[in-house]
Each structure stands twice: as C-alpha cells, then as structure tokens.
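Raw contents of my_file31.cif, mmCIF, C-alpha atoms:
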```cif
data_query
loop_
_atom_site.label_atom_id
_atom_site.label_comp_id
_atom_site.auth_asym_id
_atom_site.auth_seq_id
_atom_site.Cartn_x
_atom_site.Cartn_y
_atom_site.Cartn_z
CA MET A 1241 -3.71 -17.50 20.62
CA VAL A 1242 -1.77 -14.25 20.20
CA ILE A 1243 0.09 -13.19 17.06
CA ALA A 1244 3.09 -10.97 17.76
CA LEU A 1245 4.80 -9.28 14.81
CA ILE A 1246 8.36 -8.01 15.22
CA ASP A 1247 10.00 -5.32 13.06
CA PRO A 1248 13.14 -3.38 14.11
CA TYR A 1249 12.97 -0.54 11.58
CA VAL A 1250 12.37 3.11 12.47
CA GLU A 1251 11.90 4.14 8.82
CA ARG A 1252 9.10 3.21 6.46
CA GLY A 1253 10.07 0.98 3.54
CA GLY A 1254 8.27 -1.61 1.47
CA GLY A 1255 8.43 -4.21 4.22
CA GLN A 1256 6.75 -1.81 6.63
CA VAL A 1257 3.97 -1.11 4.10
CA VAL A 1258 3.39 -4.86 3.99
CA LEU A 1259 3.41 -4.99 7.79
CA GLU A 1260 0.84 -2.19 7.98
CA ASN A 1261 -1.50 -3.98 5.59
CA LEU A 1262 -1.03 -7.34 7.29
CA LEU A 1263 -1.94 -5.77 10.62
CA GLU A 1264 -5.14 -4.45 9.06
CA GLU A 1265 -5.98 -7.92 7.76
CA LEU A 1266 -5.23 -9.61 11.10
CA ALA A 1267 -7.18 -6.98 13.05
CA HIS A 1268 -10.39 -8.46 11.60
CA SER A 1269 -9.70 -11.80 13.30
CA ASP A 1270 -10.73 -12.81 16.80
CA GLU A 1271 -7.15 -13.37 17.95
CA ALA A 1272 -5.02 -10.93 19.92
CA VAL A 1273 -2.42 -9.07 17.83
CA VAL A 1274 0.72 -7.40 19.20
CA LEU A 1275 3.14 -5.18 17.27
CA ALA A 1276 6.69 -5.09 18.67
CA MET A 1277 8.54 -2.24 16.97
CA PRO A 1278 10.44 0.91 17.98
CA SER A 1279 8.10 3.81 18.69
CA LEU A 1280 9.63 5.85 15.84
CA GLY A 1281 8.76 3.07 13.42
CA ARG A 1282 5.24 2.58 14.79
CA ALA A 1283 4.58 6.30 14.38
CA LYS A 1284 5.02 5.90 10.61
CA LEU A 1285 2.43 3.14 10.34
CA ARG A 1286 -1.36 3.13 10.47
CA VAL A 1287 -1.78 0.72 13.37
CA PRO A 1288 -5.37 -0.53 13.67
CA SER A 1289 -7.22 -0.05 16.94
CA GLY A 1290 -7.09 -3.20 19.02
CA VAL A 1291 -3.48 -3.98 18.08
CA GLU A 1292 -1.29 -3.72 21.17
CA GLU A 1293 1.93 -1.75 20.59
CA VAL A 1294 5.13 -2.45 22.55
CA GLU A 1295 8.86 -1.94 22.33
CA ILE A 1296 10.73 -5.08 21.24
CA ALA A 1297 12.61 -5.12 24.56
CA ASP A 1298 9.27 -5.32 26.41
CA LEU A 1299 7.71 -8.07 24.29
CA VAL A 1300 8.65 -11.09 26.41
CA GLN A 1301 7.32 -9.50 29.61
CA THR A 1302 4.14 -8.36 27.85
CA LEU A 1303 3.41 -11.82 26.49
CA ARG A 1304 4.16 -13.53 29.79
CA SER A 1305 2.10 -11.14 31.90
CA ARG A 1306 -0.87 -10.39 29.65
CA TYR A 1307 -1.20 -13.56 27.62
CA ALA A 1308 -0.30 -16.30 30.09
CA GLY A 1309 -1.55 -19.64 28.87
CA GLU A 1310 -1.99 -18.45 25.26
CA HIS A 1311 -0.19 -19.99 22.30
CA VAL A 1312 2.16 -17.31 20.89
CA VAL A 1313 2.91 -17.03 17.18
CA LEU A 1314 6.03 -14.88 16.75
CA VAL A 1315 6.35 -13.33 13.30
CA SER A 1316 9.62 -11.75 12.15
CA ASN A 1317 8.96 -9.15 9.42
CA ALA A 1318 12.54 -8.37 8.34
CA ASN A 1319 15.85 -10.13 7.72
CA ARG A 1320 17.32 -7.87 10.38
CA SER A 1321 14.86 -9.14 13.00
CA HIS A 1322 15.16 -12.88 12.30
CA PRO A 1323 18.00 -13.59 14.81
CA GLN A 1324 16.33 -11.53 17.54
CA THR A 1325 12.93 -13.11 16.94
CA TYR A 1326 14.40 -16.60 17.12
CA ALA A 1327 16.10 -15.68 20.42
CA ILE A 1328 12.84 -14.28 21.82
CA GLY A 1329 11.11 -17.51 20.82
CA GLY A 1330 13.73 -19.51 22.71
CA THR A 1331 13.19 -17.41 25.84
CA LEU A 1332 9.41 -17.70 25.65
CA ARG A 1333 9.43 -21.46 25.14
CA ARG A 1334 10.59 -21.97 28.72
CA ARG A 1335 7.13 -20.92 29.90
CA VAL A 1336 4.91 -20.36 26.84
CA THR A 1337 3.98 -22.56 23.86
CA THR A 1338 5.51 -20.71 20.91
CA THR A 1339 5.62 -20.96 17.10
CA THR A 1340 8.12 -18.88 15.12
CA VAL A 1341 7.50 -17.58 11.60
CA ALA A 1342 9.92 -15.67 9.35
CA ILE A 1343 8.62 -13.53 6.47
CA LEU A 1344 11.11 -13.30 3.59
CA HIS A 1345 10.79 -10.00 1.72
CA ASN A 1346 14.11 -9.55 -0.08
CA TYR A 1347 16.96 -11.39 -1.68
CA PRO A 1348 20.20 -11.34 0.35
CA LYS A 1349 22.91 -8.98 -0.87
CA SER A 1350 25.80 -11.43 -1.04
CA PRO A 1351 26.69 -15.14 -0.77
CA ALA A 1352 27.78 -14.59 2.84
CA HIS A 1353 24.49 -12.88 3.65
CA THR A 1354 22.58 -15.69 1.91
CA PHE A 1355 24.37 -18.28 4.04
CA ALA A 1356 23.58 -16.37 7.25
CA ILE A 1357 19.91 -15.86 6.40
CA ARG A 1358 19.43 -19.50 5.40
CA ARG A 1359 21.03 -20.64 8.63
CA VAL A 1360 18.82 -18.59 10.94
CA VAL A 1361 15.59 -19.07 8.96
CA ALA A 1362 16.10 -22.86 9.03
CA ARG A 1363 15.59 -22.69 12.81
CA PHE A 1364 12.12 -21.16 12.54
CA ASN A 1365 9.04 -23.36 12.60
CA HIS A 1366 7.81 -21.75 9.37
CA ALA A 1367 8.83 -19.29 6.66
CA ILE A 1368 6.61 -17.27 4.33
CA VAL A 1369 7.76 -15.67 1.06
CA VAL A 1370 6.44 -12.69 -0.88
CA GLU A 1371 7.28 -14.34 -4.21
CA PRO A 1372 8.16 -17.93 -5.17
CA GLY A 1373 11.87 -17.35 -5.95
CA LEU A 1374 12.57 -16.60 -2.29
CA ALA A 1375 11.80 -20.23 -1.45
CA ALA A 1376 15.43 -20.83 -2.47
CA ILE A 1377 16.26 -19.59 1.04
CA ARG A 1378 14.06 -22.27 2.59
CA ALA A 1379 12.60 -25.01 0.41
CA ASP A 1380 9.56 -25.74 2.58
CA ALA A 1381 8.50 -22.09 2.87
CA PHE A 1382 4.82 -21.29 2.51
CA ILE A 1383 4.30 -19.79 -0.96
CA PRO A 1384 1.08 -17.76 -1.13
CA SER A 1385 -0.09 -15.77 -4.14
CA TRP A 1386 2.43 -13.13 -5.21
CA LEU A 1387 2.51 -10.12 -2.94
CA SER A 1388 0.55 -7.31 -4.56
CA THR A 1389 -1.43 -4.24 -3.61
CA PHE A 1390 -3.80 -4.41 -0.65
CA HIS A 1391 -6.39 -1.71 -1.19
CA ALA A 1392 -8.65 -1.28 -4.21
CA VAL A 1393 -6.86 -0.04 -7.31
CA SER A 1394 -7.76 2.99 -9.42
CA LYS A 1395 -10.52 3.20 -11.99
CA VAL A 1396 -8.80 4.26 -15.20
CA ASP A 1397 -10.21 4.63 -18.71
CA ARG A 1398 -8.37 5.30 -21.93
CA ALA A 1399 -9.48 8.94 -22.07
CA GLN A 1400 -7.52 9.68 -18.87
CA VAL A 1401 -4.22 8.33 -20.20
CA GLN A 1402 -1.64 10.91 -21.26
CA ARG A 1403 1.98 10.06 -22.01
CA ARG A 1404 3.59 13.05 -20.36
CA ARG A 1405 6.21 12.27 -17.68
CA LEU A 1406 8.98 9.87 -16.77
CA ILE A 1407 8.91 9.64 -12.98
CA SER A 1408 10.28 7.56 -10.13
CA TYR A 1409 10.45 7.41 -6.37
CA ALA A 1410 12.51 5.16 -4.12
CA ARG A 1411 14.90 5.16 -1.19
CA PRO A 1412 18.34 6.73 -1.86
CA ASP A 1413 20.10 3.39 -1.38
CA PRO A 1414 22.53 1.76 -3.85
CA SER A 1415 20.28 -1.30 -4.22
CA LYS A 1416 17.53 0.89 -5.70
CA GLY A 1417 19.75 1.93 -8.63
CA MET A 1418 18.60 5.56 -8.68
CA HIS A 1419 22.07 6.59 -9.93
CA LEU A 1420 20.95 5.34 -13.35
CA LEU A 1421 18.30 8.05 -13.59
CA PRO A 1422 20.30 11.22 -14.49
CA PRO A 1423 21.47 9.98 -17.92
CA LEU A 1424 18.12 8.26 -18.51
CA PHE A 1425 16.27 11.48 -17.68
CA ARG A 1426 18.43 13.45 -20.10
CA PHE A 1427 17.61 10.92 -22.80
CA ALA A 1428 13.89 11.11 -21.91
CA GLU A 1429 13.94 14.90 -22.24
CA GLU A 1430 15.32 14.52 -25.74
CA LEU A 1431 12.27 12.36 -26.47
CA GLY A 1432 9.97 15.15 -25.24
CA LEU A 1433 9.16 13.86 -21.76
CA SER A 1434 9.33 15.89 -18.57
CA CYS A 1435 11.04 14.10 -15.68
CA GLU A 1436 10.54 14.10 -11.91
CA VAL A 1437 11.93 12.02 -9.07
CA ALA A 1438 11.34 11.86 -5.32
CA LEU A 1439 13.65 10.26 -2.77
CA GLY A 1440 12.52 8.67 0.47
CA THR A 1441 14.56 7.85 3.54
CA SER A 1442 17.58 5.56 3.36
CA LEU A 1443 17.54 2.20 5.13
CA GLU A 1444 21.15 1.36 4.23
CA SER A 1445 22.75 4.49 5.77
CA ASN A 1446 25.20 5.15 2.95
CA LYS A 1447 25.48 8.92 3.42
CA ARG A 1448 28.19 9.42 0.78
CA TYR A 1449 26.04 7.70 -1.86
CA GLU A 1450 22.92 9.61 -0.81
CA LEU A 1451 24.59 13.04 -0.94
CA ALA A 1452 26.07 12.36 -4.38
CA LEU A 1453 22.74 11.03 -5.64
CA ARG A 1454 20.78 14.05 -4.44
CA SER A 1455 23.27 16.33 -6.18
CA GLN A 1456 23.07 14.38 -9.44
CA LEU A 1457 19.26 14.34 -9.40
CA ALA A 1458 18.88 17.99 -8.35
CA PRO A 1459 17.44 19.22 -11.71
CA TRP A 1460 14.53 16.78 -11.44
CA LEU A 1461 14.15 16.32 -7.71
CA VAL A 1462 10.78 17.17 -6.15
CA GLN A 1463 10.44 17.75 -2.43
CA GLY A 1464 8.10 16.06 0.00
CA ARG A 1465 6.84 12.52 0.29
CA ARG A 1466 5.49 10.96 -2.89
CA GLY A 1467 3.30 7.88 -3.10
CA PRO A 1468 0.85 6.22 -5.49
CA ASP A 1469 -1.48 9.25 -5.49
CA TRP A 1470 1.29 11.25 -7.21
CA ILE A 1471 1.15 8.94 -10.23
CA LYS A 1472 -1.17 9.86 -13.11
CA PRO A 1473 -2.55 7.59 -15.85
CA GLY A 1474 -0.03 7.49 -18.69
CA ASP A 1475 3.00 8.41 -16.61
CA ILE A 1476 6.02 6.22 -17.32
CA PHE A 1477 7.27 4.98 -13.96
CA VAL A 1478 10.85 3.71 -13.85
CA VAL A 1479 12.14 1.18 -11.31
CA PRO A 1480 15.94 0.97 -11.77
CA SER A 1481 16.73 -1.43 -8.89
CA VAL A 1482 20.04 -3.26 -9.13
CA TYR A 1483 19.34 -6.09 -6.67
CA GLY A 1484 17.20 -7.08 -3.69
CA GLU A 1485 13.75 -6.49 -5.16
CA ALA A 1486 11.25 -9.32 -4.95
CA ALA A 1487 7.59 -8.48 -5.55
CA CYS A 1488 8.31 -4.69 -5.81
CA LEU A 1489 5.16 -2.99 -4.56
CA SER A 1490 6.09 0.38 -6.08
CA ALA A 1491 5.96 -1.06 -9.60
CA GLN A 1492 2.61 -2.69 -8.93
CA GLU A 1493 1.24 0.46 -7.31
CA ALA A 1494 2.29 2.41 -10.41
CA MET A 1495 0.50 -0.05 -12.70
CA SER A 1496 -2.57 0.13 -10.47
CA ARG A 1497 -2.67 3.90 -11.09
CA GLY A 1498 -2.59 3.49 -14.87
CA ALA A 1499 1.11 4.16 -15.36
CA TYR A 1500 3.34 2.30 -17.81
CA VAL A 1501 6.25 0.71 -15.95
CA LEU A 1502 9.85 0.58 -17.15
CA ALA A 1503 11.65 -1.72 -14.71
CA SER A 1504 14.97 -3.39 -14.13
CA ARG A 1505 14.78 -7.13 -14.71
CA VAL A 1506 15.07 -8.23 -11.06
CA GLY A 1507 12.71 -10.21 -8.83
CA LEU A 1508 9.23 -10.52 -10.28
CA MET A 1509 9.56 -7.56 -12.64
CA SER A 1510 9.60 -9.67 -15.79
CA TYR A 1511 6.45 -11.49 -14.67
CA LEU A 1512 4.24 -8.72 -13.27
CA SER A 1513 2.18 -8.96 -16.44
CA PRO A 1514 1.89 -12.44 -17.98
CA THR A 1515 1.07 -10.76 -21.28
CA ALA A 1516 3.80 -8.07 -21.00
CA THR A 1517 1.04 -5.45 -20.81
CA GLY A 1518 1.88 -2.03 -19.38
CA ILE A 1519 5.45 -2.94 -18.48
CA ARG A 1520 8.84 -3.30 -20.18
CA THR A 1521 11.99 -4.49 -18.49
CA PHE A 1522 15.69 -3.88 -19.01
CA ALA A 1523 18.97 -5.44 -17.92
CA PRO A 1524 19.93 -4.30 -14.39
CA ALA A 1525 22.28 -1.30 -14.24
CA ASN A 1526 22.36 -1.12 -18.05
CA LEU A 1527 21.62 2.37 -19.38
CA ASP A 1528 21.55 1.30 -23.03
CA SER A 1529 18.99 -1.39 -22.24
CA ALA A 1530 16.88 1.08 -20.23
CA ALA A 1531 17.02 3.66 -23.03
CA LYS A 1532 15.99 1.02 -25.55
CA GLY A 1533 13.01 0.09 -23.39
CA LEU A 1534 11.98 3.73 -23.05
CA ARG A 1535 12.32 4.28 -26.78
CA GLY A 1536 10.06 1.28 -27.33
CA ILE A 1537 7.41 2.65 -24.99
CA MET A 1538 7.53 6.04 -26.68
CA GLY A 1539 7.22 4.35 -30.08
CA LEU A 1540 3.88 2.75 -29.22
CA GLU A 1541 0.83 4.14 -31.04
CA THR A 1542 -1.27 6.31 -28.72
CA ASP A 1543 -4.23 3.93 -28.66
CA VAL A 1544 -1.97 0.92 -28.00
CA PHE A 1545 -0.19 2.74 -25.18
CA SER A 1546 -3.51 3.77 -23.60
CA GLU A 1547 -4.96 0.27 -23.87
CA GLU A 1548 -1.90 -1.28 -22.24
CA CYS A 1549 -2.09 1.17 -19.32
CA VAL A 1550 -5.76 0.33 -18.73
CA ARG A 1551 -5.21 -3.42 -19.02
CA GLY A 1552 -2.28 -3.18 -16.60
CA VAL A 1553 -4.67 -1.83 -13.96
CA SER A 1554 -6.92 -4.85 -14.42
CA GLU A 1555 -4.03 -7.30 -14.07
CA ILE A 1556 -3.02 -5.77 -10.71
CA GLU A 1557 -6.63 -5.81 -9.53
CA GLU A 1558 -6.87 -9.55 -10.22
CA ARG A 1559 -4.28 -10.37 -7.54
CA ARG A 1560 -5.04 -7.53 -5.11
CA GLY A 1561 -5.14 -8.58 -1.46
CA ARG A 1562 -4.61 -12.31 -2.02
CA TRP A 1563 -1.23 -12.52 -0.31
CA TYR A 1564 -2.56 -10.83 2.82
CA SER A 1565 -5.65 -13.01 3.17
CA GLU A 1566 -3.66 -16.21 2.56
CA VAL A 1567 -0.89 -15.23 4.99
CA SER A 1568 -3.42 -14.19 7.62
CA SER A 1569 -5.14 -17.57 7.34
CA PHE A 1570 -1.76 -19.33 7.58
CA LEU A 1571 -0.82 -17.45 10.76
CA LEU A 1572 -4.20 -18.08 12.35
CA GLN A 1573 -3.66 -21.80 11.78
CA ALA A 1574 0.00 -21.75 12.81
CA SER A 1575 -0.59 -22.94 16.36
CA LYS A 1576 -2.29 -26.09 15.07
CA ALA A 1577 0.63 -26.76 12.72
CA ALA A 1578 3.31 -26.13 15.33
CA SER A 1579 6.22 -28.51 15.22
#
```
Let me see whether you can do it: turn the structure in this file into structure tokens.
Amino acid sequence: MVIALIDPYVERGGGQVVLENLLEELAHSDEAVVLAMPSLGRAKLRVPSGVEEVEIADLVQTLRSRYAGEHVVLVSNANRSHPQTYAIGGTLRRRVTTTTVAILHNYPKSPAHTFAIRRVVARFNHAIVVEPGLAAIRADAFIPSWLSTFHAVSKVDRAQVQRRRLISYARPDPSKGMHLLPPLFRFAEELGLSCEVALGTSLESNKRYELALRSQLAPWLVQGRRGPDWIKPGDIFVVPSVYGEAACLSAQEAMSRGAYVLASRVGLMSYLSPTATGIRTFAPANLDSAAKGLRGIMGLETDVFSEECVRGVSEIEERRGRWYSEVSSFLLQASKAAS
C-alpha cells in the first residue's frame, strides 16, 4: 500500500503544521508515503526522510510507474484540494485500486461554500475531522480524539509564571480577527500589560485588509517569524478569530507553554479546558466581551493565575499526539475498509 497526501498550499498555515506532523507519524510505518505539494510549500515543511516528494501534476504518473500493483490511499489535506484529489482518484481507478480520504480542518465560510464542500466530500470513500463539530459536513466521518499538539509540551512550574504581556500571532486574514487587537491592546496597556503581535503570511490574499491591519498594529508589531518558543509562562495569548477555527493549534500551543489564553468563542475554544483552566473566551468580534475577559484574567490572584497556567499545560499534555496516532492507524487500515 502507498499513502499519498495532497496539499496545494505554498504557504505554511495550521493545516500544513498538521500535515508535517502526520508525515512524521506515518514515516514510522512500513508503508510507502508520498507527499504531493508545490515545491514552495514543501520547502516550508520538515519532510521526513523516506517520504517521496512530487508535484501534484506528477502524482498520477509517479503512482502508476513506481507503485504499480499497490493499493493507493489518496489523502486530501485541504478544502482547496478536495476536488482535485477526487479527480485524481477517478483517473487512478482506471488502472490502480484507490481509496480517497478527505481531512476536514476548517468550517466553511458561507452557506454556499458549505454546500460545495459537502457535495465533494460526500464522494470520497472516507472523511476525517480534526474536531467533532466538523462531522456536520459528513455524518459518517471518522472522529478521532481532538486535534492537539504533536510534540512534548513544556515543563512549567508556578515559579516561572509571570503575568507580563498580552501577545498574539496569526495570519493577516479577516477570518483571524486581528483587527480587534488595536483597541484591545490599548485597553491592556491601561491595565499595565505590555503588548506584542506578530503576523504570518496571508492565505486569503486580501491585500487591502493586510495593509490596513499592519498599519493599525504598527505600535505593537514585532518582526520575524514567531512560534510557540516565543511564548513565556504567564503571557496572556489572545486568539481573536471571527470564524473558521476548529481545533486551533495556536491556542493549544500557547497553553502548552504555560500561557493563559483569551480566545474568541469559535470552534473548540470553549472546550479546550473541561474545567475552564487557563483559558477564558469571549463573543466573536466583540471588543467589550474581550475586554471583560481580559479584566477577569487580570483580576485573578497571583497564585490562582499561576496555578491555572500550570494546570493548563497538563491538560494539553493529556491529549498530545492522540489525533495523529489514531489518524495514522485509520489510514493504514483504509485499504481494508475500501468501499
């Protein structure tokens, strides 16, 4: 059997982080693994040795010539790649036994988009979700454990926790809601917090929005790529997403570093901690609600704040890596469950 994963993106977003980690998990198996992705996109991933890398346009020829007689499991890693993956599956089926699998990462942006995604995903043999709510797109989707962090989380003790900064990083796309940050940052500064924000690379190509956002965030904008290692225990990490988020890895990564998360109430945000430890949520796109949540975090006694940050780390650790191991096992069994 050969597992071929397809992703059309040339930039690195949350879905590509998941792809990178899934490749690492699958690389430990005895099956052949192929990554079909533009070279610019592959260059931004850590691709394990042993994984064959090809352009999407070359995938059919590669599978036919190098893996003749093998059962092919085609995995689409993005909404954008679902139609193309299904078409590739149809081409391969003329000569190769093929199973198609769609991974659902995000909620569609509109009713029309929801209709289109449901229609194409219904044609796949299987669908996999990163959180249970996405099964609304396909009722028989495989629902593993919630998507969470892949690598070991930080070791944090209460002595390390300092409530010092309000920070955030995300793509400069409207769905990420970063336009809410300037007034929230000004409010945070009145409460005695310093503020910093980093912006990644847009996937939605809204240049007018991005230029305006960068101008509005200029007083707090830091340059260069920022990731989990930028986050310090006791930082307050804000996730102001307006729509689209599902499992939200950035929020979970922040909690895994000992930060306290202030997040918009979308996707799994309200459920990241069953005991509401280390996280508070607010109504999407609602500055008053966000400010109220921040005021509540700042009003916590120091020892309570520190304890919640430390316990938040433990809650992320409890589900670390489960999604990847369960999805890997599902894909390795996909040929046997082919319809």
If you take all atoms listed in the file and a cut-off of 9 Å, which residues of region 1366-1471 of chain A touch region 1539-1557 of chain A, and what are their nearest atom pairs and distances in Å to one decimal, in chain and number order, as JSON lines?
```
{"residue": "A:Ser1388", "atom": "CA", "partner": "A:Ile1556", "partner_atom": "CA", "distance": 7.3}
{"residue": "A:Thr1389", "atom": "CA", "partner": "A:Ile1556", "partner_atom": "CA", "distance": 7.4}
{"residue": "A:Ala1392", "atom": "CA", "partner": "A:Glu1557", "partner_atom": "CA", "distance": 7.3}
{"residue": "A:Val1393", "atom": "CA", "partner": "A:Glu1557", "partner_atom": "CA", "distance": 6.2}
{"residue": "A:Ser1394", "atom": "CA", "partner": "A:Val1553", "partner_atom": "CA", "distance": 7.3}
{"residue": "A:Lys1395", "atom": "CA", "partner": "A:Val1553", "partner_atom": "CA", "distance": 8.0}
{"residue": "A:Val1396", "atom": "CA", "partner": "A:Val1550", "partner_atom": "CA", "distance": 6.1}
{"residue": "A:Asp1397", "atom": "CA", "partner": "A:Val1550", "partner_atom": "CA", "distance": 6.2}
{"residue": "A:Arg1398", "atom": "CA", "partner": "A:Ser1546", "partner_atom": "CA", "distance": 5.4}
{"residue": "A:Ala1399", "atom": "CA", "partner": "A:Ser1546", "partner_atom": "CA", "distance": 8.0}
{"residue": "A:Gln1400", "atom": "CA", "partner": "A:Ser1546", "partner_atom": "CA", "distance": 8.6}
{"residue": "A:Val1401", "atom": "CA", "partner": "A:Ser1546", "partner_atom": "CA", "distance": 5.7}
{"residue": "A:Gln1402", "atom": "CA", "partner": "A:Ser1546", "partner_atom": "CA", "distance": 7.7}
{"residue": "A:Arg1403", "atom": "CA", "partner": "A:Phe1545", "partner_atom": "CA", "distance": 8.3}
```
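Of the residues under consideration (A:Ser1415, A:Ser1321, A:Thr1331, A:Asn1346), A:Ser1415 shows the shortest atom-to-atom contact distance to Val1482 (chain A) when counting all atoms listed in the file.
Applied to the file shown here, the PyMOL selection byres ((chain A and resi 1246) around 8) selects Ala1244, Leu1245, Asp1247, Pro1248, Leu1275, Ala1276, Met1277, Ile1296, Leu1314, Val1315, Ser1316, Asn1317, Ser1321 and Thr1325 of chain A.
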Just the residues within 10 Å of Val1370 (chain A), please, counting only C-alpha atoms, with nothing from its chain fewer than 5 positions along; format it as a PyMOL selection string. chain A and resi 1258+1343-1346+1375+1382-1388+1486-1488+1563-1564+1567
Point (3.5, 13.8, -17.5), cut-off 12 Å, counting only C-alpha atoms, residues as a PyMOL selection string: chain A and resi 1400-1408+1428-1429+1432-1436+1470-1477+1499-1500
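With only C-alpha atoms as the atoms that count, the residue of A:Arg1335, A:Lys1349, A:Arg1411, A:Arg1535 with the shortest distance to Asn1446 (chain A) is A:Arg1411.
Taking CA of Leu1439 (chain A) and CA of His1322 (chain A) as the two end points, the separation is 27.7 Å.
Those residues that approach Gly1533 (chain A) to within 9 Å, counting only C-alpha atoms, are Leu1502, Ala1503, Arg1520, Thr1521, Phe1522, Asp1528, Ser1529, Ala1530, Ala1531, Arg1535, Gly1536, Ile1537 and Met1538 of chain A; same-chain residues fewer than 2 positions away are not listed.
Proximity ranking of A:Tyr1409, A:Phe1427, A:Tyr1326, A:Phe1570 relative to Leu1461 (chain A) places A:Tyr1409 first, based on only C-alpha atoms.
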Mind dumping region 1532-1547 of chain A from that block, keeping N, CA, C and O atoms, as an mmCIF file, in the first residue's frame?
```cif
data_model
loop_
_atom_site.group_PDB
_atom_site.id
_atom_site.type_symbol
_atom_site.label_atom_id
_atom_site.label_comp_id
_atom_site.auth_asym_id
_atom_site.auth_seq_id
_atom_site.Cartn_x
_atom_site.Cartn_y
_atom_site.Cartn_z
ATOM 1 N N LYS A 1532 -13.770 42.446 28.838
ATOM 2 C CA LYS A 1532 -14.273 41.871 30.090
ATOM 3 C C LYS A 1532 -13.500 40.607 30.449
ATOM 4 O O LYS A 1532 -13.137 40.399 31.618
ATOM 5 N N GLY A 1533 -13.212 39.774 29.452
ATOM 6 C CA GLY A 1533 -12.429 38.574 29.713
ATOM 7 C C GLY A 1533 -11.032 38.900 30.180
ATOM 8 O O GLY A 1533 -10.507 38.275 31.112
ATOM 9 N N LEU A 1534 -10.400 39.901 29.563
ATOM 10 C CA LEU A 1534 -9.057 40.296 29.967
ATOM 11 C C LEU A 1534 -9.061 40.873 31.372
ATOM 12 O O LEU A 1534 -8.161 40.579 32.182
ATOM 13 N N ARG A 1535 -10.068 41.683 31.682
ATOM 14 C CA ARG A 1535 -10.159 42.238 33.025
ATOM 15 C C ARG A 1535 -10.301 41.115 34.058
ATOM 16 O O ARG A 1535 -9.706 41.163 35.137
ATOM 17 N N GLY A 1536 -11.045 40.081 33.710
ATOM 18 C CA GLY A 1536 -11.199 38.952 34.621
ATOM 19 C C GLY A 1536 -9.899 38.216 34.849
ATOM 20 O O GLY A 1536 -9.578 37.818 35.982
ATOM 21 N N ILE A 1537 -9.118 38.038 33.790
ATOM 22 C CA ILE A 1537 -7.821 37.373 33.932
ATOM 23 C C ILE A 1537 -6.891 38.205 34.809
ATOM 24 O O ILE A 1537 -6.195 37.683 35.684
ATOM 25 N N MET A 1538 -6.883 39.515 34.577
ATOM 26 C CA MET A 1538 -6.009 40.388 35.361
ATOM 27 C C MET A 1538 -6.458 40.480 36.814
ATOM 28 O O MET A 1538 -5.669 40.802 37.706
ATOM 29 N N GLY A 1539 -7.735 40.194 37.077
ATOM 30 C CA GLY A 1539 -8.247 40.266 38.438
ATOM 31 C C GLY A 1539 -7.977 39.019 39.263
ATOM 32 O O GLY A 1539 -8.232 39.005 40.472
ATOM 33 N N LEU A 1540 -7.446 37.964 38.629
ATOM 34 C CA LEU A 1540 -7.141 36.744 39.372
ATOM 35 C C LEU A 1540 -5.996 36.987 40.360
ATOM 36 O O LEU A 1540 -5.019 37.680 40.030
ATOM 37 N N GLU A 1541 -6.089 36.399 41.539
ATOM 38 C CA GLU A 1541 -4.960 36.439 42.479
ATOM 39 C C GLU A 1541 -3.745 35.777 41.836
ATOM 40 O O GLU A 1541 -3.881 34.838 41.036
ATOM 41 N N THR A 1542 -2.566 36.245 42.183
ATOM 42 C CA THR A 1542 -1.339 35.761 41.551
ATOM 43 C C THR A 1542 -1.191 34.257 41.644
ATOM 44 O O THR A 1542 -0.847 33.586 40.656
ATOM 45 N N ASP A 1543 -1.471 33.677 42.821
ATOM 46 C CA ASP A 1543 -1.296 32.236 42.974
ATOM 47 C C ASP A 1543 -2.342 31.464 42.168
ATOM 48 O O ASP A 1543 -2.061 30.391 41.629
ATOM 49 N N VAL A 1544 -3.550 32.013 42.048
ATOM 50 C CA VAL A 1544 -4.592 31.358 41.247
ATOM 51 C C VAL A 1544 -4.223 31.401 39.767
ATOM 52 O O VAL A 1544 -4.341 30.402 39.047
ATOM 53 N N PHE A 1545 -3.768 32.551 39.318
ATOM 54 C CA PHE A 1545 -3.337 32.705 37.931
ATOM 55 C C PHE A 1545 -2.220 31.713 37.603
ATOM 56 O O PHE A 1545 -2.265 31.008 36.586
ATOM 57 N N SER A 1546 -1.210 31.642 38.473
ATOM 58 C CA SER A 1546 -0.074 30.749 38.237
ATOM 59 C C SER A 1546 -0.512 29.293 38.198
ATOM 60 O O SER A 1546 -0.076 28.521 37.342
ATOM 61 N N GLU A 1547 -1.385 28.914 39.125
ATOM 62 C CA GLU A 1547 -1.857 27.529 39.180
ATOM 63 C C GLU A 1547 -2.643 27.167 37.922
ATOM 64 O O GLU A 1547 -2.498 26.065 37.387
#
```
